[in-house]
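This is my_file.tsv. It holds TSV, N, CA and C atoms.
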chain	number	residue	atom	x	y	z
A	1	MET	N	-11.18	0.43	-105.92
A	1	MET	CA	-11.75	1.34	-104.94
A	1	MET	C	-13.19	1.65	-105.30
A	2	ALA	N	-14.00	1.81	-104.31
A	2	ALA	CA	-15.39	2.21	-104.52
A	2	ALA	C	-15.43	3.68	-104.93
A	3	ASN	N	-16.59	4.28	-104.88
A	3	ASN	CA	-16.72	5.70	-105.22
A	3	ASN	C	-15.86	6.52	-104.26
A	4	THR	N	-14.89	7.22	-104.82
A	4	THR	CA	-13.96	7.97	-103.99
A	4	THR	C	-14.01	9.47	-104.29
A	5	LEU	N	-15.07	9.91	-104.93
A	5	LEU	CA	-15.23	11.32	-105.28
A	5	LEU	C	-15.83	12.08	-104.10
A	6	PHE	N	-15.22	13.21	-103.75
A	6	PHE	CA	-15.76	14.04	-102.67
A	6	PHE	C	-17.03	14.73	-103.14
A	7	ASP	N	-17.90	15.08	-102.19
A	7	ASP	CA	-19.12	15.81	-102.53
A	7	ASP	C	-18.80	17.24	-102.98
A	8	LYS	N	-17.67	17.77	-102.52
A	8	LYS	CA	-17.23	19.12	-102.88
A	8	LYS	C	-15.70	19.12	-102.85
A	9	PRO	N	-15.05	19.59	-103.91
A	9	PRO	CA	-13.58	19.55	-103.94
A	9	PRO	C	-12.95	20.55	-102.98
A	10	LEU	N	-11.71	20.28	-102.65
A	10	LEU	CA	-10.87	21.19	-101.89
A	10	LEU	C	-9.82	21.75	-102.84
A	11	PHE	N	-9.30	22.92	-102.53
A	11	PHE	CA	-8.30	23.53	-103.39
A	11	PHE	C	-7.06	23.87	-102.58
A	12	VAL	N	-5.91	23.52	-103.15
A	12	VAL	CA	-4.61	23.76	-102.51
A	12	VAL	C	-3.90	24.85	-103.28
A	13	LYS	N	-3.42	25.87	-102.56
A	13	LYS	CA	-2.68	26.93	-103.24
A	13	LYS	C	-1.18	26.69	-103.08
A	14	THR	N	-0.49	26.86	-104.18
A	14	THR	CA	0.96	26.82	-104.18
A	14	THR	C	1.44	28.16	-104.72
A	15	SER	N	2.73	28.31	-104.82
A	15	SER	CA	3.25	29.59	-105.31
A	15	SER	C	2.96	29.78	-106.80
A	16	ARG	N	2.69	28.69	-107.53
A	16	ARG	CA	2.51	28.80	-108.98
A	16	ARG	C	1.12	28.45	-109.49
A	17	TYR	N	0.35	27.69	-108.75
A	17	TYR	CA	-0.95	27.24	-109.26
A	17	TYR	C	-1.86	26.84	-108.10
A	18	VAL	N	-3.10	26.54	-108.45
A	18	VAL	CA	-4.08	26.02	-107.49
A	18	VAL	C	-4.41	24.60	-107.92
A	19	GLN	N	-4.30	23.67	-106.99
A	19	GLN	CA	-4.54	22.26	-107.27
A	19	GLN	C	-5.89	21.86	-106.68
A	20	GLU	N	-6.68	21.14	-107.45
A	20	GLU	CA	-7.97	20.67	-106.99
A	20	GLU	C	-7.84	19.26	-106.42
A	21	LEU	N	-8.42	19.06	-105.24
A	21	LEU	CA	-8.50	17.73	-104.64
A	21	LEU	C	-9.97	17.34	-104.64
A	22	ALA	N	-10.37	16.55	-105.62
A	22	ALA	CA	-11.78	16.19	-105.77
A	22	ALA	C	-12.07	14.75	-105.41
A	23	SER	N	-11.02	13.97	-105.15
A	23	SER	CA	-11.22	12.55	-104.87
A	23	SER	C	-10.10	12.03	-103.98
A	24	LEU	N	-10.29	10.82	-103.51
A	24	LEU	CA	-9.28	10.17	-102.70
A	24	LEU	C	-7.99	9.98	-103.50
A	25	GLU	N	-8.11	9.68	-104.78
A	25	GLU	CA	-6.93	9.53	-105.63
A	25	GLU	C	-6.13	10.84	-105.69
A	26	ASP	N	-6.84	11.97	-105.78
A	26	ASP	CA	-6.17	13.27	-105.78
A	26	ASP	C	-5.40	13.49	-104.48
A	27	VAL	N	-5.99	13.07	-103.38
A	27	VAL	CA	-5.34	13.23	-102.07
A	27	VAL	C	-4.08	12.36	-102.00
A	28	PHE	N	-4.16	11.13	-102.52
A	28	PHE	CA	-2.97	10.28	-102.55
A	28	PHE	C	-1.85	10.94	-103.35
A	29	ASP	N	-2.18	11.51	-104.50
A	29	ASP	CA	-1.18	12.20	-105.32
A	29	ASP	C	-0.59	13.39	-104.56
A	30	PHE	N	-1.46	14.15	-103.90
A	30	PHE	CA	-1.02	15.30	-103.13
A	30	PHE	C	-0.07	14.89	-102.01
A	31	LEU	N	-0.44	13.84	-101.29
A	31	LEU	CA	0.40	13.38	-100.18
A	31	LEU	C	1.74	12.83	-100.67
A	32	ASP	N	1.74	12.17	-101.83
A	32	ASP	CA	3.00	11.68	-102.40
A	32	ASP	C	3.94	12.82	-102.74
A	33	GLU	N	3.38	13.97	-103.13
A	33	GLU	CA	4.19	15.12	-103.51
A	33	GLU	C	4.57	16.02	-102.32
A	34	TRP	N	4.00	15.75	-101.15
A	34	TRP	CA	4.27	16.58	-99.98
A	34	TRP	C	5.75	16.44	-99.61
A	35	PRO	N	6.44	17.54	-99.35
A	35	PRO	CA	7.88	17.48	-99.05
A	35	PRO	C	8.19	16.57	-97.86
A	36	ILE	N	9.20	15.76	-98.03
A	36	ILE	CA	9.57	14.79	-96.99
A	36	ILE	C	9.93	15.49	-95.68
A	37	ASN	N	10.60	16.63	-95.78
A	37	ASN	CA	11.01	17.34	-94.56
A	37	ASN	C	9.83	17.97	-93.80
A	38	LYS	N	8.64	18.01	-94.42
A	38	LYS	CA	7.46	18.56	-93.75
A	38	LYS	C	6.50	17.47	-93.27
A	39	ARG	N	6.86	16.23	-93.49
A	39	ARG	CA	6.00	15.12	-93.08
A	39	ARG	C	6.20	14.85	-91.60
A	40	GLY	N	5.12	14.93	-90.87
A	40	GLY	CA	5.16	14.69	-89.43
A	40	GLY	C	4.07	13.73	-89.02
A	41	ASP	N	3.72	13.78	-87.75
A	41	ASP	CA	2.68	12.89	-87.23
A	41	ASP	C	1.34	13.12	-87.90
A	42	THR	N	0.97	14.37	-88.12
A	42	THR	CA	-0.31	14.68	-88.75
A	42	THR	C	-0.37	14.08	-90.14
A	43	TYR	N	0.70	14.23	-90.89
A	43	TYR	CA	0.80	13.67	-92.23
A	43	TYR	C	0.63	12.14	-92.18
A	44	GLU	N	1.33	11.51	-91.25
A	44	GLU	CA	1.28	10.05	-91.14
A	44	GLU	C	-0.13	9.55	-90.80
A	45	VAL	N	-0.80	10.23	-89.87
A	45	VAL	CA	-2.16	9.84	-89.49
A	45	VAL	C	-3.11	10.02	-90.68
A	46	LEU	N	-2.98	11.13	-91.39
A	46	LEU	CA	-3.84	11.37	-92.56
A	46	LEU	C	-3.57	10.33	-93.64
A	47	SER	N	-2.33	10.02	-93.87
A	47	SER	CA	-1.97	9.02	-94.87
A	47	SER	C	-2.56	7.66	-94.53
A	48	LYS	N	-2.48	7.28	-93.26
A	48	LYS	CA	-3.04	6.00	-92.82
A	48	LYS	C	-4.56	5.99	-92.98
A	49	ALA	N	-5.21	7.11	-92.62
A	49	ALA	CA	-6.67	7.20	-92.76
A	49	ALA	C	-7.08	7.09	-94.23
A	50	CYS	N	-6.30	7.67	-95.12
A	50	CYS	CA	-6.60	7.58	-96.56
A	50	CYS	C	-6.50	6.13	-97.04
A	51	ARG	N	-5.49	5.41	-96.58
A	51	ARG	CA	-5.36	4.00	-96.95
A	51	ARG	C	-6.55	3.20	-96.42
A	52	MET	N	-7.00	3.53	-95.22
A	52	MET	CA	-8.17	2.85	-94.65
A	52	MET	C	-9.43	3.18	-95.45
A	53	ALA	N	-9.55	4.41	-95.91
A	53	ALA	CA	-10.70	4.80	-96.72
A	53	ALA	C	-10.69	4.06	-98.05
A	54	ALA	N	-9.53	3.86	-98.62
A	54	ALA	CA	-9.42	3.13	-99.88
A	54	ALA	C	-9.88	1.68	-99.72
A	55	GLN	N	-9.76	1.15	-98.50
A	55	GLN	CA	-10.21	-0.21	-98.21
A	55	GLN	C	-11.67	-0.25	-97.76
A	56	GLY	N	-12.30	0.93	-97.66
A	56	GLY	CA	-13.69	1.00	-97.24
A	56	GLY	C	-13.88	0.99	-95.74
A	57	ILE	N	-12.82	1.15	-94.97
A	57	ILE	CA	-12.89	1.10	-93.51
A	57	ILE	C	-13.20	2.47	-92.91
A	58	PHE	N	-12.73	3.53	-93.54
A	58	PHE	CA	-12.87	4.90	-93.03
A	58	PHE	C	-13.80	5.67	-93.97
A	59	PRO	N	-14.77	6.42	-93.45
A	59	PRO	CA	-15.74	7.11	-94.31
A	59	PRO	C	-15.11	8.27	-95.10
A	60	LEU	N	-15.49	8.38	-96.35
A	60	LEU	CA	-14.95	9.39	-97.25
A	60	LEU	C	-15.23	10.83	-96.79
A	61	PRO	N	-16.42	11.14	-96.27
A	61	PRO	CA	-16.63	12.52	-95.78
A	61	PRO	C	-15.68	12.90	-94.65
A	62	ALA	N	-15.32	11.94	-93.81
A	62	ALA	CA	-14.37	12.21	-92.72
A	62	ALA	C	-12.97	12.46	-93.29
A	63	ILE	N	-12.61	11.75	-94.36
A	63	ILE	CA	-11.32	11.99	-95.00
A	63	ILE	C	-11.26	13.40	-95.54
A	64	ARG	N	-12.33	13.82	-96.24
A	64	ARG	CA	-12.35	15.18	-96.79
A	64	ARG	C	-12.17	16.22	-95.69
A	65	GLU	N	-12.86	16.04	-94.58
A	65	GLU	CA	-12.75	16.99	-93.46
A	65	GLU	C	-11.34	16.98	-92.86
A	66	ASN	N	-10.74	15.81	-92.73
A	66	ASN	CA	-9.39	15.74	-92.20
A	66	ASN	C	-8.36	16.34	-93.16
A	67	VAL	N	-8.57	16.17	-94.45
A	67	VAL	CA	-7.69	16.80	-95.44
A	67	VAL	C	-7.84	18.32	-95.34
A	68	ARG	N	-9.08	18.79	-95.21
A	68	ARG	CA	-9.33	20.23	-95.08
A	68	ARG	C	-8.59	20.80	-93.86
A	69	ARG	N	-8.66	20.09	-92.75
A	69	ARG	CA	-7.97	20.54	-91.54
A	69	ARG	C	-6.45	20.52	-91.71
A	70	PHE	N	-5.95	19.51	-92.40
A	70	PHE	CA	-4.52	19.43	-92.67
A	70	PHE	C	-4.08	20.62	-93.52
A	71	LEU	N	-4.85	20.93	-94.56
A	71	LEU	CA	-4.52	22.05	-95.43
A	71	LEU	C	-4.58	23.37	-94.68
A	72	LEU	N	-5.56	23.51	-93.80
A	72	LEU	CA	-5.65	24.72	-92.97
A	72	LEU	C	-4.43	24.84	-92.06
A	73	LYS	N	-4.07	23.74	-91.42
A	73	LYS	CA	-2.92	23.74	-90.52
A	73	LYS	C	-1.64	24.12	-91.25
A	74	GLU	N	-1.51	23.64	-92.47
A	74	GLU	CA	-0.31	23.91	-93.27
A	74	GLU	C	-0.41	25.23	-94.05
A	75	ARG	N	-1.54	25.92	-93.90
A	75	ARG	CA	-1.79	27.21	-94.55
A	75	ARG	C	-1.70	27.15	-96.07
A	76	VAL	N	-2.25	26.08	-96.64
A	76	VAL	CA	-2.26	25.94	-98.09
A	76	VAL	C	-3.67	25.72	-98.65
A	77	LEU	N	-4.68	25.84	-97.78
A	77	LEU	CA	-6.06	25.71	-98.24
A	77	LEU	C	-6.45	26.98	-98.99
A	78	ALA	N	-6.85	26.82	-100.24
A	78	ALA	CA	-7.28	27.97	-101.04
A	78	ALA	C	-8.76	28.19	-100.86
A	79	ASN	N	-9.14	29.43	-100.71
A	79	ASN	CA	-10.54	29.81	-100.66
A	79	ASN	C	-11.09	29.73	-102.08
A	80	ILE	N	-12.28	29.20	-102.26
A	80	ILE	CA	-12.85	29.03	-103.59
A	80	ILE	C	-12.95	30.36	-104.33
A	81	GLU	N	-13.12	31.46	-103.61
A	81	GLU	CA	-13.20	32.76	-104.26
A	81	GLU	C	-11.85	33.18	-104.84
A	82	GLU	N	-10.76	32.58	-104.35
A	82	GLU	CA	-9.42	32.89	-104.86
A	82	GLU	C	-9.10	32.14	-106.14
A	83	VAL	N	-9.88	31.11	-106.46
A	83	VAL	CA	-9.61	30.29	-107.63
A	83	VAL	C	-10.15	30.99	-108.86
A	84	PRO	N	-9.27	31.32	-109.83
A	84	PRO	CA	-9.75	32.00	-111.03
A	84	PRO	C	-10.61	31.08	-111.89
A	85	LEU	N	-11.67	31.61	-112.41
A	85	LEU	CA	-12.55	30.85	-113.28
A	85	LEU	C	-12.17	31.09	-114.73
A	86	PHE	N	-12.23	30.05	-115.52
A	86	PHE	CA	-11.94	30.19	-116.94
A	86	PHE	C	-13.19	30.74	-117.62
A	87	THR	N	-13.06	31.89	-118.23
A	87	THR	CA	-14.22	32.52	-118.88
A	87	THR	C	-14.06	32.58	-120.39
A	88	GLY	N	-13.01	31.94	-120.90
A	88	GLY	CA	-12.79	31.94	-122.35
A	88	GLY	C	-13.79	31.06	-123.06
A	89	ARG	N	-13.85	31.26	-124.37
A	89	ARG	CA	-14.78	30.49	-125.19
A	89	ARG	C	-14.15	29.15	-125.54
A	90	THR	N	-14.91	28.10	-125.43
A	90	THR	CA	-14.42	26.78	-125.80
A	90	THR	C	-15.07	26.37	-127.11
A	91	THR	N	-14.34	25.59	-127.90
A	91	THR	CA	-14.88	25.10	-129.15
A	91	THR	C	-14.69	23.60	-129.21
A	92	ASP	N	-15.35	22.97	-130.12
A	92	ASP	CA	-15.24	21.54	-130.31
A	92	ASP	C	-14.15	21.18	-131.31
A	93	ARG	N	-13.43	22.18	-131.81
A	93	ARG	CA	-12.39	21.90	-132.80
A	93	ARG	C	-11.13	21.39	-132.11
A	94	ASN	N	-10.43	20.54	-132.84
A	94	ASN	CA	-9.13	20.11	-132.35
A	94	ASN	C	-8.05	20.60	-133.30
A	95	LEU	N	-6.81	20.39	-132.96
A	95	LEU	CA	-5.71	20.90	-133.76
A	95	LEU	C	-5.61	20.23	-135.12
A	96	GLY	N	-6.10	19.04	-135.24
A	96	GLY	CA	-5.98	18.30	-136.50
A	96	GLY	C	-7.02	18.64	-137.54
A	97	SER	N	-8.05	19.39	-137.19
A	97	SER	CA	-9.11	19.65	-138.16
A	97	SER	C	-9.09	21.05	-138.69

Structure re-expressed in structure tokens:
Amino acid sequence: MANTLFDKPLFVKTSRYVQELASLEDVFDFLDEWPINKRGDTYEVLSKACRMAAQGIFPLPAIRENVRRFLLKERVLANIEEVPLFTGRTTDRNLGS
């Protein structure tokens, strides 16, 4: 696949966590995990468009917008302000040292 990174990620809210969709690969993973009983025509059209984008036939910005609309329709689009930011200190140490 060519460059499949979105210019700006989307965030999906679930009952336990917030999932980032930053690339076409992330969208494929998300769609694979979507409950079978909730898959309808919209899901099928989006899935087909993603496969076309992977082949370079469908533009990536249009995929991002269609995913955003799908998430809105399903009421799982997280607002970026709702996503908690990690403010802890990071170090370069690992557990073995």

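Between atom N of Met52 in chain A and atom C of Arg69 in chain A there is a distance of 17.4 Å.
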
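You can rank A:Cys50, A:Ala22, A:Ile63, A:Val45 by their closest distance to Leu10 in chain A using only C-alpha atoms, and at the top of that list sits A:Ala22.
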
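The space between CA of Tyr17 in chain A and CA of Ala78 in chain A spans 10.4 Å.
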
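Computed from the coordinates, the CA of Ile36 in chain A to atom C of Pro61 in chain A distance equals 25.4 Å.
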
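Those residues of chain A that DSSP, working from the backbone, places in strand (DSSP E or B) are Leu5, Phe6, Asp7, Lys8, Pro9, Leu10, Phe11, Val12, Lys13, Val18, Gln19, Glu20, Leu21, Ala22, Ser23 and Leu77 of chain A.
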
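The closest residue to Phe6 in chain A, picked from A:Ala62, A:Val18, A:Ala49, A:Leu24 and counting all atoms listed in the file, is A:Leu24.
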
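Using only C-alpha atoms, the shortest contact distance between Phe28 in chain A and any of A:Ile80, A:Leu46, A:Leu60, A:Leu72 is found at A:Leu46.
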
Give the answer as one residue: which of A:Arg51, A:Ser23, A:Thr42, A:Phe11 has the shortest atom-to-atom distance to Asn66 in chain A, using only C-alpha atoms?
A:Thr42

In chain A, what's helix (DSSP H, G or I) per DSSP? Answer as an mmCIF file with N, CA and C atoms, in the frame of the given file?
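Everything below was put into states33.cif:
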data_model
loop_
_atom_site.group_PDB
_atom_site.id
_atom_site.type_symbol
_atom_site.label_atom_id
_atom_site.label_comp_id
_atom_site.auth_asym_id
_atom_site.auth_seq_id
_atom_site.Cartn_x
_atom_site.Cartn_y
_atom_site.Cartn_z
ATOM 1 N N LEU A 24 -10.290 10.820 -103.510
ATOM 2 C CA LEU A 24 -9.280 10.170 -102.700
ATOM 3 C C LEU A 24 -7.990 9.980 -103.500
ATOM 4 N N GLU A 25 -8.110 9.680 -104.780
ATOM 5 C CA GLU A 25 -6.930 9.530 -105.630
ATOM 6 C C GLU A 25 -6.130 10.840 -105.690
ATOM 7 N N ASP A 26 -6.840 11.970 -105.780
ATOM 8 C CA ASP A 26 -6.170 13.270 -105.780
ATOM 9 C C ASP A 26 -5.400 13.490 -104.480
ATOM 10 N N VAL A 27 -5.990 13.070 -103.380
ATOM 11 C CA VAL A 27 -5.340 13.230 -102.070
ATOM 12 C C VAL A 27 -4.080 12.360 -102.000
ATOM 13 N N PHE A 28 -4.160 11.130 -102.520
ATOM 14 C CA PHE A 28 -2.970 10.280 -102.550
ATOM 15 C C PHE A 28 -1.850 10.940 -103.350
ATOM 16 N N ASP A 29 -2.180 11.510 -104.500
ATOM 17 C CA ASP A 29 -1.180 12.200 -105.320
ATOM 18 C C ASP A 29 -0.590 13.390 -104.560
ATOM 19 N N PHE A 30 -1.460 14.150 -103.900
ATOM 20 C CA PHE A 30 -1.020 15.300 -103.130
ATOM 21 C C PHE A 30 -0.070 14.890 -102.010
ATOM 22 N N LEU A 31 -0.440 13.840 -101.290
ATOM 23 C CA LEU A 31 0.400 13.380 -100.180
ATOM 24 C C LEU A 31 1.740 12.830 -100.670
ATOM 25 N N ASP A 32 1.740 12.170 -101.830
ATOM 26 C CA ASP A 32 3.000 11.680 -102.400
ATOM 27 C C ASP A 32 3.940 12.820 -102.740
ATOM 28 N N GLU A 33 3.380 13.970 -103.130
ATOM 29 C CA GLU A 33 4.190 15.120 -103.510
ATOM 30 C C GLU A 33 4.570 16.020 -102.320
ATOM 31 N N ILE A 36 9.200 15.760 -98.030
ATOM 32 C CA ILE A 36 9.570 14.790 -96.990
ATOM 33 C C ILE A 36 9.930 15.490 -95.680
ATOM 34 N N ASN A 37 10.600 16.630 -95.780
ATOM 35 C CA ASN A 37 11.010 17.340 -94.560
ATOM 36 C C ASN A 37 9.830 17.970 -93.800
ATOM 37 N N LYS A 38 8.640 18.010 -94.420
ATOM 38 C CA LYS A 38 7.460 18.560 -93.750
ATOM 39 C C LYS A 38 6.500 17.470 -93.270
ATOM 40 N N ASP A 41 3.720 13.780 -87.750
ATOM 41 C CA ASP A 41 2.680 12.890 -87.230
ATOM 42 C C ASP A 41 1.340 13.120 -87.900
ATOM 43 N N THR A 42 0.970 14.370 -88.120
ATOM 44 C CA THR A 42 -0.310 14.680 -88.750
ATOM 45 C C THR A 42 -0.370 14.080 -90.140
ATOM 46 N N TYR A 43 0.700 14.230 -90.890
ATOM 47 C CA TYR A 43 0.800 13.670 -92.230
ATOM 48 C C TYR A 43 0.630 12.140 -92.180
ATOM 49 N N GLU A 44 1.330 11.510 -91.250
ATOM 50 C CA GLU A 44 1.280 10.050 -91.140
ATOM 51 C C GLU A 44 -0.130 9.550 -90.800
ATOM 52 N N VAL A 45 -0.800 10.230 -89.870
ATOM 53 C CA VAL A 45 -2.160 9.840 -89.490
ATOM 54 C C VAL A 45 -3.110 10.020 -90.680
ATOM 55 N N LEU A 46 -2.980 11.130 -91.390
ATOM 56 C CA LEU A 46 -3.840 11.370 -92.560
ATOM 57 C C LEU A 46 -3.570 10.330 -93.640
ATOM 58 N N SER A 47 -2.330 10.020 -93.870
ATOM 59 C CA SER A 47 -1.970 9.020 -94.870
ATOM 60 C C SER A 47 -2.560 7.660 -94.530
ATOM 61 N N LYS A 48 -2.480 7.280 -93.260
ATOM 62 C CA LYS A 48 -3.040 6.000 -92.820
ATOM 63 C C LYS A 48 -4.560 5.990 -92.980
ATOM 64 N N ALA A 49 -5.210 7.110 -92.620
ATOM 65 C CA ALA A 49 -6.670 7.200 -92.760
ATOM 66 C C ALA A 49 -7.080 7.090 -94.230
ATOM 67 N N CYS A 50 -6.300 7.670 -95.120
ATOM 68 C CA CYS A 50 -6.600 7.580 -96.560
ATOM 69 C C CYS A 50 -6.500 6.130 -97.040
ATOM 70 N N ARG A 51 -5.490 5.410 -96.580
ATOM 71 C CA ARG A 51 -5.360 4.000 -96.950
ATOM 72 C C ARG A 51 -6.550 3.200 -96.420
ATOM 73 N N MET A 52 -7.000 3.530 -95.220
ATOM 74 C CA MET A 52 -8.170 2.850 -94.650
ATOM 75 C C MET A 52 -9.430 3.180 -95.450
ATOM 76 N N ALA A 53 -9.550 4.410 -95.910
ATOM 77 C CA ALA A 53 -10.700 4.800 -96.720
ATOM 78 C C ALA A 53 -10.690 4.060 -98.050
ATOM 79 N N ALA A 54 -9.530 3.860 -98.620
ATOM 80 C CA ALA A 54 -9.420 3.130 -99.880
ATOM 81 C C ALA A 54 -9.880 1.680 -99.720
ATOM 82 N N LEU A 60 -15.490 8.380 -96.350
ATOM 83 C CA LEU A 60 -14.950 9.390 -97.250
ATOM 84 C C LEU A 60 -15.230 10.830 -96.790
ATOM 85 N N PRO A 61 -16.420 11.140 -96.270
ATOM 86 C CA PRO A 61 -16.630 12.520 -95.780
ATOM 87 C C PRO A 61 -15.680 12.900 -94.650
ATOM 88 N N ALA A 62 -15.320 11.940 -93.810
ATOM 89 C CA ALA A 62 -14.370 12.210 -92.720
ATOM 90 C C ALA A 62 -12.970 12.460 -93.290
ATOM 91 N N ILE A 63 -12.610 11.750 -94.360
ATOM 92 C CA ILE A 63 -11.320 11.990 -95.000
ATOM 93 C C ILE A 63 -11.260 13.400 -95.540
ATOM 94 N N ARG A 64 -12.330 13.820 -96.240
ATOM 95 C CA ARG A 64 -12.350 15.180 -96.790
ATOM 96 C C ARG A 64 -12.170 16.220 -95.690
ATOM 97 N N GLU A 65 -12.860 16.040 -94.580
ATOM 98 C CA GLU A 65 -12.750 16.990 -93.460
ATOM 99 C C GLU A 65 -11.340 16.980 -92.860
ATOM 100 N N ASN A 66 -10.740 15.810 -92.730
ATOM 101 C CA ASN A 66 -9.390 15.740 -92.200
ATOM 102 C C ASN A 66 -8.360 16.340 -93.160
ATOM 103 N N VAL A 67 -8.570 16.170 -94.450
ATOM 104 C CA VAL A 67 -7.690 16.800 -95.440
ATOM 105 C C VAL A 67 -7.840 18.320 -95.340
ATOM 106 N N ARG A 68 -9.080 18.790 -95.210
ATOM 107 C CA ARG A 68 -9.330 20.230 -95.080
ATOM 108 C C ARG A 68 -8.590 20.800 -93.860
ATOM 109 N N ARG A 69 -8.660 20.090 -92.750
ATOM 110 C CA ARG A 69 -7.970 20.540 -91.540
ATOM 111 C C ARG A 69 -6.450 20.520 -91.710
ATOM 112 N N PHE A 70 -5.950 19.510 -92.400
ATOM 113 C CA PHE A 70 -4.520 19.430 -92.670
ATOM 114 C C PHE A 70 -4.080 20.620 -93.520
ATOM 115 N N LEU A 71 -4.850 20.930 -94.560
ATOM 116 C CA LEU A 71 -4.520 22.050 -95.430
ATOM 117 C C LEU A 71 -4.580 23.370 -94.680
ATOM 118 N N LEU A 72 -5.560 23.510 -93.800
ATOM 119 C CA LEU A 72 -5.650 24.720 -92.970
ATOM 120 C C LEU A 72 -4.430 24.840 -92.060
ATOM 121 N N LYS A 73 -4.070 23.740 -91.420
ATOM 122 C CA LYS A 73 -2.920 23.740 -90.520
ATOM 123 C C LYS A 73 -1.640 24.120 -91.250
ATOM 124 N N ILE A 80 -12.280 29.200 -102.260
ATOM 125 C CA ILE A 80 -12.850 29.030 -103.590
ATOM 126 C C ILE A 80 -12.950 30.360 -104.330
ATOM 127 N N GLU A 81 -13.120 31.460 -103.610
ATOM 128 C CA GLU A 81 -13.200 32.760 -104.260
ATOM 129 C C GLU A 81 -11.850 33.180 -104.840
ATOM 130 N N GLU A 82 -10.760 32.580 -104.350
ATOM 131 C CA GLU A 82 -9.420 32.890 -104.860
ATOM 132 C C GLU A 82 -9.100 32.140 -106.140
#

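The neighbours of Lys13 in chain A here are the residues that come within 6.5 Å of it, using only N, CA and C atoms and leaving out any residue fewer than 6 positions away in the same chain; they are Gln19, Val76, Leu77 and Ala78 of chain A.
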
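Proximity to Asp7 in chain A was assessed for A:Ile57, A:Leu21, A:Leu71, A:Leu31 counting only C-alpha atoms; the smallest distance is recorded for A:Leu21.
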